[in-house]
Amino acid sequence: VSVTCHIFIHVFAVQLSEVVGVNKLQARRAAERRAVAGVGGPARLRRPGAAGPGQPTASPVAPTAASAGCDRSLDVLLIHEHHLKAIGSDMRLLGLLLQLREQGHRVSLLFRGKVGNGERSPPTRELYRIIDGPGLENPLQLTGGEAPHPHPAIYEMVDLEGLATLASQGWFDAVLCSFWFWRDPAPSAAELLLPTLLAHAPAGRRPFIGVLSDDAHSAKAAMMAEWEPTDERRAFWREKMRSLPPRQAAVYSLADAVVHISDAD
């Protein structure tokens with residue numbers, strides 16, 4: 001089923017982007033009708049503890065577009081380790097992108113690493129169509145000394161100076177970042193990028209931070225430490241059992257919301 005879904009999305013990327021456009025138009029019209037009636041609106045992003053309708057606030061949070069929730073389209077930055085490919089984790093992220101666009105939110109993508117044209121799925125041009133960005137064949141390089149292309153866009157990080165410049169624009173209400181340890185022991189994208197984005201956000205424009213922990217990192221390390229047949233491999237996973245939880249806690253401390261799979265994570 002997973003392989004079939006990957007092939008379907010890759011082959012029909014153009015048609016899917018057209019469906020997104022139709023759904024976006026329908027969603028906008030429905031939102032306009034609800035606005036006239038005084039009900040409904042785009043999905044809300046709230047900090048933990050922020051009051052929902054008819055709910056008390058557990059701990060006051062300074063009111064911003066992100067923390068207080070908002071009945072308007074949001075500007076969202078979606079961060080991933082690399083350009084989307086035809087693999088399960090990336091297909092789930094593509095599904096999230098499509099849902100955000102269907103709900104009427106404006107989305108930019110930020111990729112940490114380079115991916116060859118043959119591995120990209122959907123192709124970059126189709127991703128640009130989905131986000132209503134410039135019709136280019138490649139992501140835009142995010143590098144120091146150059147002003148970033150206006151949002152929405154697809155960015156590829158070159159250096160942290162370029163990322164700091166993007167953060168300083170104050171364009172985003174929310175940042176959603178996938179959380180993987182594919183480059184371990186090197187830092188993950190969440191560990192590397194989120195502190196810079198927060199440190200350089202304009203005063204009063206700190207974005208809502210959502211971390212998407214799309215794997216059972218700690219639980220898997222504990223399981224593999226028991227299952228591996230050799231002492232060397234068991235030691236490898238025991239080291240991950242020791243090193244991953246503090247790194248996860250450090251990233252979670254930056255976030256307003258965390259989506260996770262296991263209780264351990």
# chains A, B, ... in the order shown; residues from 1 in each chain; ligands from 1
$ residues_around --residues "stretch 196-204 of chain A" --least-positions-apart "4" --cutoff "10 Å" --atoms "only C-alpha atoms" --output "list in words"
Ala62, Pro63, Thr64, Ala65, Leu160, Glu161, Leu163, Ala164, Thr165, Leu166, Ala167, Ser168, Gln169, Gly170, Trp171, Phe172, Val175, Glu191, Leu192, Phe208, Ile209 and Leu254 of chain A
$ select_by_dssp --residues "stretch 35-264 of chain A" --states "helix (DSSP H, G or I)" --output "PyMOL selection string"
chain A and resi 35-37+88-102+117-119+124-131+160-168+189-199+217-227+231-252
$ closest_residue --among "A:Arg72, A:Asp214, A:Ile131, A:Pro246" --to "A:Val258" --atoms "only C-alpha atoms"
A:Asp214
$ closest_atom_pairs --of "stretch 118-230 of chain A" --to "stretch 81-85 of chain A" --cutoff "7 Å" --atoms "only C-alpha atoms" --output "JSON lines"
{"residue": "A:Glu119", "atom": "CA", "partner": "A:Lys85", "partner_atom": "CA", "distance": 5.9}
{"residue": "A:Arg120", "atom": "CA", "partner": "A:Lys85", "partner_atom": "CA", "distance": 4.9}
{"residue": "A:Ser121", "atom": "CA", "partner": "A:Lys85", "partner_atom": "CA", "distance": 4.5}
{"residue": "A:Pro122", "atom": "CA", "partner": "A:Leu84", "partner_atom": "CA", "distance": 6.9}
{"residue": "A:Ala189", "atom": "CA", "partner": "A:Glu81", "partner_atom": "CA", "distance": 5.8}
$ select_by_dssp --residues "stretch 30-265 of chain A" --states "strand (DSSP E or B)" --output "MDAnalysis selection string"
chainID A and resid 75:82 106:113 140:142 154:157 174:178 208:212 257:259
$ residues_around --residues "stretch 217-221 of chain A" --least-positions-apart "4" --cutoff "12 Å" --atoms "only C-alpha atoms" --output "JSON, numbers by chain"
{"A": [179, 180, 181, 182, 184, 213, 225, 226, 227, 228, 233, 234, 235, 236, 237, 238, 239, 240, 241, 242, 243, 244, 245, 246, 247, 248, 249, 260, 261, 262, 263, 264, 265]}
$ residues_around --residues "A:Val158" --least-positions-apart "6" --cutoff "7 Å" --atoms "only C-alpha atoms" --output "ChimeraX atom specification"
/A:141-143
$ closest_residue --among "A:Gly144, A:Pro123, A:Pro152, A:Pro195" --to "A:Leu78" --atoms "only C-alpha atoms"
A:Pro152
$ decode --residues "stretch 120-148 of chain A" --atoms "N, CA, C and O atoms" --output "compact mmCIF listing (two decimals), in the first residue's frame"
# COMPACT_ATOMS: atom_id res chain seq x y z
N ARG A 120 13.56 13.99 -6.47
CA ARG A 120 12.53 14.87 -5.93
C ARG A 120 11.14 14.37 -6.31
O ARG A 120 10.86 14.08 -7.46
N SER A 121 10.27 14.29 -5.30
CA SER A 121 8.91 13.81 -5.55
C SER A 121 7.96 14.44 -4.53
O SER A 121 8.08 14.18 -3.33
N PRO A 122 7.03 15.30 -5.01
CA PRO A 122 6.85 15.76 -6.38
C PRO A 122 8.04 16.63 -6.83
O PRO A 122 8.78 17.13 -6.00
N PRO A 123 8.16 16.84 -8.16
CA PRO A 123 9.20 17.75 -8.65
C PRO A 123 9.02 19.15 -8.05
O PRO A 123 7.91 19.54 -7.68
N THR A 124 10.11 19.88 -7.98
CA THR A 124 10.07 21.21 -7.36
C THR A 124 9.03 22.11 -8.01
O THR A 124 8.31 22.85 -7.32
N ARG A 125 8.92 22.07 -9.33
CA ARG A 125 7.95 22.93 -10.01
C ARG A 125 6.52 22.64 -9.53
O ARG A 125 5.71 23.56 -9.40
N GLU A 126 6.21 21.37 -9.27
CA GLU A 126 4.86 21.03 -8.80
C GLU A 126 4.64 21.50 -7.36
O GLU A 126 3.54 21.91 -7.00
N LEU A 127 5.68 21.44 -6.54
CA LEU A 127 5.56 21.98 -5.19
C LEU A 127 5.29 23.48 -5.25
O LEU A 127 4.50 24.02 -4.46
N TYR A 128 5.97 24.17 -6.17
CA TYR A 128 5.70 25.61 -6.33
C TYR A 128 4.24 25.85 -6.71
O TYR A 128 3.62 26.81 -6.25
N ARG A 129 3.69 25.00 -7.56
CA ARG A 129 2.28 25.15 -7.94
C ARG A 129 1.37 24.97 -6.73
O ARG A 129 0.38 25.68 -6.57
N ILE A 130 1.71 24.00 -5.88
CA ILE A 130 0.88 23.73 -4.71
C ILE A 130 0.86 24.94 -3.77
O ILE A 130 -0.18 25.29 -3.21
N ILE A 131 2.00 25.60 -3.61
CA ILE A 131 2.07 26.72 -2.66
C ILE A 131 1.80 28.07 -3.32
O ILE A 131 1.88 29.11 -2.65
N ASP A 132 1.51 28.07 -4.62
CA ASP A 132 1.31 29.33 -5.35
C ASP A 132 2.57 30.19 -5.33
O ASP A 132 2.51 31.41 -5.17
N GLY A 133 3.72 29.55 -5.48
CA GLY A 133 4.98 30.27 -5.50
C GLY A 133 5.45 30.49 -6.93
O GLY A 133 4.75 30.17 -7.89
N PRO A 134 6.67 31.02 -7.09
CA PRO A 134 7.21 31.25 -8.44
C PRO A 134 7.43 29.91 -9.15
O PRO A 134 7.84 28.93 -8.54
N GLY A 135 7.18 29.87 -10.44
CA GLY A 135 7.29 28.63 -11.20
C GLY A 135 8.71 28.30 -11.57
O GLY A 135 9.11 28.44 -12.73
N LEU A 136 9.49 27.84 -10.61
CA LEU A 136 10.91 27.56 -10.82
C LEU A 136 11.17 26.06 -10.81
O LEU A 136 10.34 25.27 -10.37
N GLU A 137 12.34 25.68 -11.28
CA GLU A 137 12.72 24.27 -11.31
C GLU A 137 13.48 23.84 -10.07
O GLU A 137 13.61 22.64 -9.81
N ASN A 138 13.99 24.80 -9.29
CA ASN A 138 14.82 24.49 -8.13
C ASN A 138 14.45 25.37 -6.95
O ASN A 138 13.90 26.47 -7.12
N PRO A 139 14.77 24.91 -5.73
CA PRO A 139 14.58 25.77 -4.56
C PRO A 139 15.44 27.02 -4.65
O PRO A 139 16.46 27.05 -5.35
N LEU A 140 15.05 28.04 -3.92
CA LEU A 140 15.80 29.29 -3.86
C LEU A 140 16.87 29.19 -2.78
O LEU A 140 16.59 28.77 -1.65
N GLN A 141 18.09 29.55 -3.10
CA GLN A 141 19.20 29.46 -2.16
C GLN A 141 19.05 30.51 -1.06
O GLN A 141 18.84 31.69 -1.33
N LEU A 142 19.15 30.06 0.19
CA LEU A 142 19.02 30.94 1.35
C LEU A 142 20.42 31.18 1.90
O LEU A 142 20.96 30.34 2.63
N THR A 143 21.00 32.30 1.53
CA THR A 143 22.40 32.55 1.89
C THR A 143 22.57 33.97 2.41
O THR A 143 21.82 34.88 2.05
N GLY A 144 23.56 34.14 3.28
CA GLY A 144 23.82 35.45 3.86
C GLY A 144 24.22 36.47 2.80
O GLY A 144 24.85 36.13 1.81
N GLY A 145 23.84 37.72 3.05
CA GLY A 145 24.18 38.79 2.12
C GLY A 145 23.17 38.99 1.02
O GLY A 145 23.31 39.92 0.22
N GLU A 146 22.16 38.10 0.94
CA GLU A 146 21.14 38.23 -0.09
C GLU A 146 19.76 38.25 0.57
O GLU A 146 19.47 37.44 1.46
N ALA A 147 18.91 39.17 0.13
CA ALA A 147 17.55 39.24 0.67
C ALA A 147 16.77 38.01 0.21
O ALA A 147 16.83 37.63 -0.96
N PRO A 148 16.03 37.36 1.11
CA PRO A 148 15.27 36.17 0.72
C PRO A 148 14.11 36.53 -0.19
O PRO A 148 13.54 37.62 -0.09
